[in-house]
Amino acid sequence: MMSKETNIKVPFISKFAYGMGDVGCNFSWMFVGNFLMIFYTDVFGIDMKAVAGLMLFSRFWDAINDPIIGSLTDKTNTRWGRYRPWLLFGAPLTSLVLILTFWAHPNWQSTSKIVYMAITYCVLVLGYTSVNIPYGTLCGAMTQDIEERAKINTFRSVSAMAAIGIINIITVPLINTFGKGDEKNGYLLTAILYGIIFSLCHIFCFAKTKEVIEIPKKQKIPLKEQLIAISKNKPYLIALIGQFLFGITFYGRNADALYYFTYVEGNKALFSIFSLYIIIPSIIGAACFPVLFKMTNNKGRAASIFAFFTGISMFLMYFFNVKDSPVPFYLLSCVSQFFFSGFNTAIYAIVPDCVEYGEWKTGLRNDGFQYAFISLGNKIGMAVGTALLAAIMGKYGYIANQPQNENVISVIKHSFTTVPGILWIITALALFFYNLNRTSYNKIIYELKNKKKEN
């Protein structure tokens with residue numbers, strides 16, 4: 001299974017299969033991120049404050065299970081590798097939980113609804129973590145070549161952007177078609193379809209990828225020692241900050257999007273039209289990351305540039321709307337999505353390189369553990385973004401399926417434009433200080449290989 005040569009060129013089919021893994025991830029997690037909050041409030045009939053509380057509580061759960069799953073993947077040792085088996089067995093089980101999560105019971109008592117919501121969501125988060133952390137870590141195990149890793153992550157991001165666009169375009173029509181006027185059934189049948197896609201994509205990824213990086217075996221590294229090693233890894237800490245800010249901005253805005261088109265623009269169907277406009281810029285932007293990386297020789301600086309222009313274009317969207325100024329609204333939407341997609345490619349391409357830096361700096365290699373903290377940072381950001389949105393909307397008097405007051409409308413509009421715009425600019429500033437460039441990375445790989453030869 002393992003190869004002595006680790007600086008290899010990865011076959012096209014393996015890059016494609018890896019990208020399909022993120023297609024599966026998005027048919028689960030983006031469905032959750034974009035639609036679960038409005039499903040809870042407007043279909044299941046759960047109070048907005050309870051939803052906000054769950055979003056925050058679930059992150060305490062993440063703080064426990066993410067590092068555990070990361071450590072377990074590092075300790076896994078099978079004929080298929082360390083990370084790939086988790087995709088094979090974890091994805092089908094997670095699909096079942098996804099279906100249960102979108103099984104609404106609007107006639108239940110309030111307490112029963114909240115208990116059901118909390119249990120299914122926390123189990124779903126655990127299941128998704130068990131698939132997504134090994135999936136994300138797998139990239140670093142496929143090759144040590146910095147160019148190949150950039151290409152693999154480009155495949156991943158292009159696939160993800162296409163999947164996100166498709167999900168956003170078809171989900172509302174699917175819910176309406178499957179439900180035939182009953183959103184409860186529409187959401188459930190859509191979840192069944194997306195669960196099947198989630199499983200099949202990860203099984204394909206398992207079948208067509210290969211791990212070639214041999215992780216040191218039988219390492220029993222105390223948690224304290226792993227945390228100390230992370231604290232010495234400056235590029236990793238910057239990537240972690242970037243992921244946290246990314247989580248707040250991206251998931252908070254996505255959770256707000258359907259509210260925005262439903263209550264600000266006055267037509268939920270516009271969400272699908274909006275998503276249709278931005279799908280091509282999404283794919284092109286994701287594919288442009290290798291070009292900017294070649295120009296900057298620094299993945300973090302590339303991510304910083306992408307984040308900055310994402311923020312500027314989103315901020316400007318505040319001054320336009322679909323009804324009165326559709327051309328500038330959709331144009332800025334396309335521009336912001338183009339730059340965001342490039343950022344999405346860059347931020348994930350950074351992580352495997354930070355693992356190599358950490359091994360060079362401290363002598364400790366723990367791919368799964370480090371990716372787990374990246375995942376945790378992103379999820380904590382997601383919790384903060386969605387919980388704040390829910391809490392503020394609840395505070396100002398949000399009432400499901402009713403015309404909203406001016407304060408709620410203002411919150412929803414700012415959450416879709418100016419607030420994420422400012423946060424993207426802050427993200428750009430943080431990532432500007434990422435200093436692991438192509439030259440220093442190649443030197444690190446050279447020194448690591450020489451050290452292993454000497455041992």
# chains A, B, ... in the order shown; residues from 1 in each chain; ligands from 1

$ select_by_dssp --residues "range 299-431 of chain A" --states "helix (DSSP H, G or I)" --output "PyMOL selection string"
chain A and resi 299-319+326-362+367-395+406-416+418-431

$ residues_around --residues "Thr120 in chain A" --least-positions-apart "4" --cutoff "8 Å" --atoms "only C-alpha atoms" --output "ChimeraX atom specification"
/A:97,100-101,116,124

$ atom_distance --atom1 "CA of Leu332 in chain A" --atom2 "CA of Ser313 in chain A"
5.7 Å

$ residues_around --residues "Val51 in chain A" --least-positions-apart "2" --cutoff "10 Å" --atoms "only C-alpha atoms" --output "ChimeraX atom specification"
/A:36-38,40-41,46-49,53-57,114,117-118,386-387,390-391,394

$ closest_residue --among "A:Ile170, A:Ala50, A:Ile426, A:Ile412" --to "Thr190 in chain A" --atoms "only C-alpha atoms"
A:Ile170

$ residues_around --residues "Tyr259 in chain A" --least-positions-apart "2" --cutoff "12 Å" --atoms "only C-alpha atoms" --output "PyMOL selection string"
chain A and resi 34-39+41-42+252-257+261-271+389-390+393+398-404+408-416

$ closest_residue --among "A:Glu447, A:Glu356, A:Glu211, A:Glu406" --to "Thr78 in chain A" --atoms "only C-alpha atoms"
A:Glu211

$ residues_around --residues "range 363-370 of chain A" --least-positions-apart "6" --cutoff "7 Å" --atoms "only C-alpha atoms" --output "VMD selection string"
chain A and resid 67 70 to 71 73 to 74 133 to 134 137 355

$ closest_residue --among "A:Glu183, A:Asp22, A:Asp324, A:Asp145" --to "Ile445 in chain A" --atoms "only C-alpha atoms"
A:Asp145

$ closest_atom_pairs --of "range 165-261 of chain A" --to "range 12-17 of chain A" --cutoff "12 Å" --atoms "only C-alpha atoms" --output "Markdown table"
| residue | atom | partner | partner_atom | distance |
| --- | --- | --- | --- | --- |
| A:Leu200 | CA | A:Ala17 | CA | 11.1 |
| A:Cys201 | CA | A:Ala17 | CA | 8.0 |
| A:His202 | CA | A:Ala17 | CA | 8.5 |
| A:Ile203 | CA | A:Ala17 | CA | 9.4 |
| A:Phe204 | CA | A:Ala17 | CA | 6.3 |
| A:Cys205 | CA | A:Ala17 | CA | 4.6 |
| A:Phe206 | CA | A:Ala17 | CA | 8.0 |
| A:Ala207 | CA | A:Ala17 | CA | 8.2 |
| A:Lys208 | CA | A:Ser14 | CA | 5.4 |
| A:Thr209 | CA | A:Ser14 | CA | 4.9 |
| A:Lys210 | CA | A:Ser14 | CA | 7.6 |
| A:Glu211 | CA | A:Ser14 | CA | 10.6 |

$ write_last_selection --atoms "N, CA and C atoms" --output "JSON list (two decimals), in the first residue's frame"
[["chain", "number", "residue", "atom", "x", "y", "z"],
["A", 200, "LEU", "N", -22.24, 7.64, -1.85],
["A", 200, "LEU", "CA", -21.64, 7.17, -3.10],
["A", 200, "LEU", "C", -20.37, 7.93, -3.44],
["A", 201, "CYS", "N", -20.36, 9.23, -3.21],
["A", 201, "CYS", "CA", -19.17, 10.03, -3.51],
["A", 201, "CYS", "C", -17.97, 9.61, -2.67],
["A", 202, "HIS", "N", -18.20, 9.33, -1.39],
["A", 202, "HIS", "CA", -17.08, 8.94, -0.53],
["A", 202, "HIS", "C", -16.61, 7.51, -0.79],
["A", 203, "ILE", "N", -17.52, 6.65, -1.18],
["A", 203, "ILE", "CA", -17.11, 5.29, -1.56],
["A", 203, "ILE", "C", -16.24, 5.34, -2.81],
["A", 204, "PHE", "N", -16.61, 6.20, -3.77],
["A", 204, "PHE", "CA", -15.80, 6.38, -4.98],
["A", 204, "PHE", "C", -14.43, 6.96, -4.63],
["A", 205, "CYS", "N", -14.41, 7.93, -3.74],
["A", 205, "CYS", "CA", -13.15, 8.53, -3.29],
["A", 205, "CYS", "C", -12.26, 7.47, -2.64],
["A", 206, "PHE", "N", -12.85, 6.64, -1.81],
["A", 206, "PHE", "CA", -12.11, 5.54, -1.17],
["A", 206, "PHE", "C", -11.50, 4.63, -2.22],
["A", 207, "ALA", "N", -12.27, 4.29, -3.24],
["A", 207, "ALA", "CA", -11.85, 3.28, -4.22],
["A", 207, "ALA", "C", -10.72, 3.76, -5.13],
["A", 208, "LYS", "N", -10.66, 5.07, -5.41],
["A", 208, "LYS", "CA", -9.76, 5.55, -6.45],
["A", 208, "LYS", "C", -8.61, 6.43, -5.94],
["A", 209, "THR", "N", -8.42, 6.49, -4.64],
["A", 209, "THR", "CA", -7.28, 7.23, -4.09],
["A", 209, "THR", "C", -6.31, 6.26, -3.41],
["A", 210, "LYS", "N", -5.11, 6.75, -3.12],
["A", 210, "LYS", "CA", -4.08, 5.90, -2.51],
["A", 210, "LYS", "C", -3.23, 6.73, -1.57],
["A", 211, "GLU", "N", -2.92, 6.18, -0.42],
["A", 211, "GLU", "CA", -2.04, 6.83, 0.55],
["A", 211, "GLU", "C", -0.60, 6.36, 0.31]]

$ closest_residue --among "A:Cys354, A:Ile347, A:Leu93, A:Ile248" --to "Lys232 in chain A" --atoms "only C-alpha atoms"
A:Cys354

$ closest_residue --among "A:Ala104, A:Leu316, A:Leu240, A:Ile146" --to "Val335 in chain A" --atoms "only C-alpha atoms"
A:Leu316

$ residues_around --residues "Asn185 in chain A" --least-positions-apart "6" --cutoff "12 Å" --atoms "only C-alpha atoms" --output "PyMOL selection string"
chain A and resi 39+43-44+99+102-106+174-179+191-192

$ closest_residue --among "A:Thr418, A:Thr427, A:Asn26, A:Gln144" --to "Leu448 in chain A" --atoms "only C-alpha atoms"
A:Gln144

$ residues_around --residues "range 288-304 of chain A" --least-positions-apart "4" --cutoff "8 Å" --atoms "only C-alpha atoms" --output "MDAnalysis selection string"
chainID A and resid 150:151 154 239 284 308 342:347 349:350 427:439

$ write_last_selection --atoms "N, CA, C and O atoms" --output "mmCIF file, in the first residue's frame"
data_model
loop_
_atom_site.group_PDB
_atom_site.id
_atom_site.type_symbol
_atom_site.label_atom_id
_atom_site.label_comp_id
_atom_site.auth_asym_id
_atom_site.auth_seq_id
_atom_site.Cartn_x
_atom_site.Cartn_y
_atom_site.Cartn_z
ATOM 1 N N ALA A 150 -1.402 21.426 -4.513
ATOM 2 C CA ALA A 150 -2.186 22.567 -4.986
ATOM 3 C C ALA A 150 -3.205 22.111 -6.028
ATOM 4 O O ALA A 150 -4.360 22.543 -6.025
ATOM 5 N N LYS A 151 -2.791 21.196 -6.918
ATOM 6 C CA LYS A 151 -3.703 20.691 -7.948
ATOM 7 C C LYS A 151 -4.818 19.847 -7.341
ATOM 8 O O LYS A 151 -5.977 19.944 -7.750
ATOM 9 N N THR A 154 -7.230 22.068 -5.836
ATOM 10 C CA THR A 154 -7.999 22.752 -6.877
ATOM 11 C C THR A 154 -9.135 21.861 -7.361
ATOM 12 O O THR A 154 -10.268 22.320 -7.537
ATOM 13 N N ALA A 239 -3.232 29.595 9.792
ATOM 14 C CA ALA A 239 -4.270 28.859 9.060
ATOM 15 C C ALA A 239 -5.481 28.603 9.949
ATOM 16 O O ALA A 239 -6.632 28.673 9.499
ATOM 17 N N ILE A 284 -14.770 28.916 -11.950
ATOM 18 C CA ILE A 284 -13.603 29.612 -12.517
ATOM 19 C C ILE A 284 -12.689 30.121 -11.407
ATOM 20 O O ILE A 284 -11.463 29.979 -11.478
ATOM 21 N N PHE A 308 -9.635 39.439 0.521
ATOM 22 C CA PHE A 308 -9.798 40.899 0.504
ATOM 23 C C PHE A 308 -10.837 41.324 -0.530
ATOM 24 O O PHE A 308 -11.758 42.111 -0.234
ATOM 25 N N GLY A 342 -11.748 31.082 -5.007
ATOM 26 C CA GLY A 342 -10.287 31.015 -4.980
ATOM 27 C C GLY A 342 -9.768 30.895 -3.568
ATOM 28 O O GLY A 342 -8.847 30.118 -3.282
ATOM 29 N N PHE A 343 -10.368 31.656 -2.653
ATOM 30 C CA PHE A 343 -9.986 31.559 -1.237
ATOM 31 C C PHE A 343 -10.237 30.159 -0.700
ATOM 32 O O PHE A 343 -9.403 29.601 0.030
ATOM 33 N N ASN A 344 -11.380 29.589 -1.014
ATOM 34 C CA ASN A 344 -11.736 28.260 -0.508
ATOM 35 C C ASN A 344 -10.718 27.213 -0.928
ATOM 36 O O ASN A 344 -10.390 26.306 -0.156
ATOM 37 N N THR A 345 -10.201 27.336 -2.150
ATOM 38 C CA THR A 345 -9.151 26.419 -2.605
ATOM 39 C C THR A 345 -7.870 26.635 -1.814
ATOM 40 O O THR A 345 -7.234 25.691 -1.345
ATOM 41 N N ALA A 346 -7.492 27.895 -1.658
ATOM 42 C CA ALA A 346 -6.221 28.223 -1.018
ATOM 43 C C ALA A 346 -6.183 27.828 0.450
ATOM 44 O O ALA A 346 -5.183 27.283 0.933
ATOM 45 N N ILE A 347 -7.261 28.064 1.188
ATOM 46 C CA ILE A 347 -7.233 27.855 2.637
ATOM 47 C C ILE A 347 -7.072 26.381 2.986
ATOM 48 O O ILE A 347 -6.445 26.025 3.983
ATOM 49 N N ALA A 349 -5.592 24.194 0.838
ATOM 50 C CA ALA A 349 -4.292 23.778 0.309
ATOM 51 C C ALA A 349 -3.165 24.067 1.293
ATOM 52 O O ALA A 349 -2.091 23.450 1.230
ATOM 53 N N ILE A 350 -3.393 24.975 2.219
ATOM 54 C CA ILE A 350 -2.381 25.355 3.212
ATOM 55 C C ILE A 350 -2.108 24.241 4.217
ATOM 56 O O ILE A 350 -0.967 23.993 4.614
ATOM 57 N N THR A 427 -10.098 38.711 7.669
ATOM 58 C CA THR A 427 -9.494 37.416 7.327
ATOM 59 C C THR A 427 -8.287 37.620 6.415
ATOM 60 O O THR A 427 -7.247 36.969 6.583
ATOM 61 N N ALA A 428 -8.423 38.512 5.441
ATOM 62 C CA ALA A 428 -7.318 38.804 4.520
ATOM 63 C C ALA A 428 -6.100 39.328 5.279
ATOM 64 O O ALA A 428 -4.956 38.941 5.001
ATOM 65 N N LEU A 429 -6.344 40.188 6.252
ATOM 66 C CA LEU A 429 -5.243 40.748 7.048
ATOM 67 C C LEU A 429 -4.516 39.660 7.826
ATOM 68 O O LEU A 429 -3.279 39.625 7.881
ATOM 69 N N ALA A 430 -5.278 38.735 8.420
ATOM 70 C CA ALA A 430 -4.667 37.655 9.207
ATOM 71 C C ALA A 430 -3.796 36.758 8.336
ATOM 72 O O ALA A 430 -2.661 36.401 8.709
ATOM 73 N N LEU A 431 -4.284 36.397 7.157
ATOM 74 C CA LEU A 431 -3.560 35.460 6.299
ATOM 75 C C LEU A 431 -2.388 36.100 5.565
ATOM 76 O O LEU A 431 -1.525 35.398 5.032
ATOM 77 N N PHE A 432 -2.335 37.420 5.562
ATOM 78 C CA PHE A 432 -1.214 38.103 4.921
ATOM 79 C C PHE A 432 0.107 37.740 5.592
ATOM 80 O O PHE A 432 1.171 37.778 4.968
ATOM 81 N N PHE A 433 0.043 37.367 6.880
ATOM 82 C CA PHE A 433 1.267 37.083 7.646
ATOM 83 C C PHE A 433 1.719 35.624 7.522
ATOM 84 O O PHE A 433 2.688 35.221 8.160
ATOM 85 N N TYR A 434 1.055 34.831 6.691
ATOM 86 C CA TYR A 434 1.477 33.440 6.444
ATOM 87 C C TYR A 434 2.777 33.472 5.632
ATOM 88 O O TYR A 434 2.822 34.024 4.531
ATOM 89 N N ASN A 435 3.854 32.898 6.162
ATOM 90 C CA ASN A 435 5.175 33.077 5.542
ATOM 91 C C ASN A 435 5.815 31.787 5.026
ATOM 92 O O ASN A 435 7.006 31.762 4.723
ATOM 93 N N LEU A 436 5.031 30.699 4.901
ATOM 94 C CA LEU A 436 5.601 29.455 4.373
ATOM 95 C C LEU A 436 5.440 29.463 2.853
ATOM 96 O O LEU A 436 4.399 29.066 2.322
ATOM 97 N N ASN A 437 6.481 29.911 2.151
ATOM 98 C CA ASN A 437 6.389 30.002 0.696
ATOM 99 C C ASN A 437 6.948 28.755 0.021
ATOM 100 O O ASN A 437 7.394 27.810 0.685
ATOM 101 N N ARG A 438 6.939 28.745 -1.312
ATOM 102 C CA ARG A 438 7.364 27.570 -2.076
ATOM 103 C C ARG A 438 8.820 27.195 -1.784
ATOM 104 O O ARG A 438 9.142 26.016 -1.590
ATOM 105 N N THR A 439 9.691 28.188 -1.731
ATOM 106 C CA THR A 439 11.119 27.924 -1.519
ATOM 107 C C THR A 439 11.376 27.309 -0.144
ATOM 108 O O THR A 439 12.092 26.304 -0.023
#

$ atom_distance --atom1 "CA of Gly186 in chain A" --atom2 "CA of Ile278 in chain A"
24.8 Å
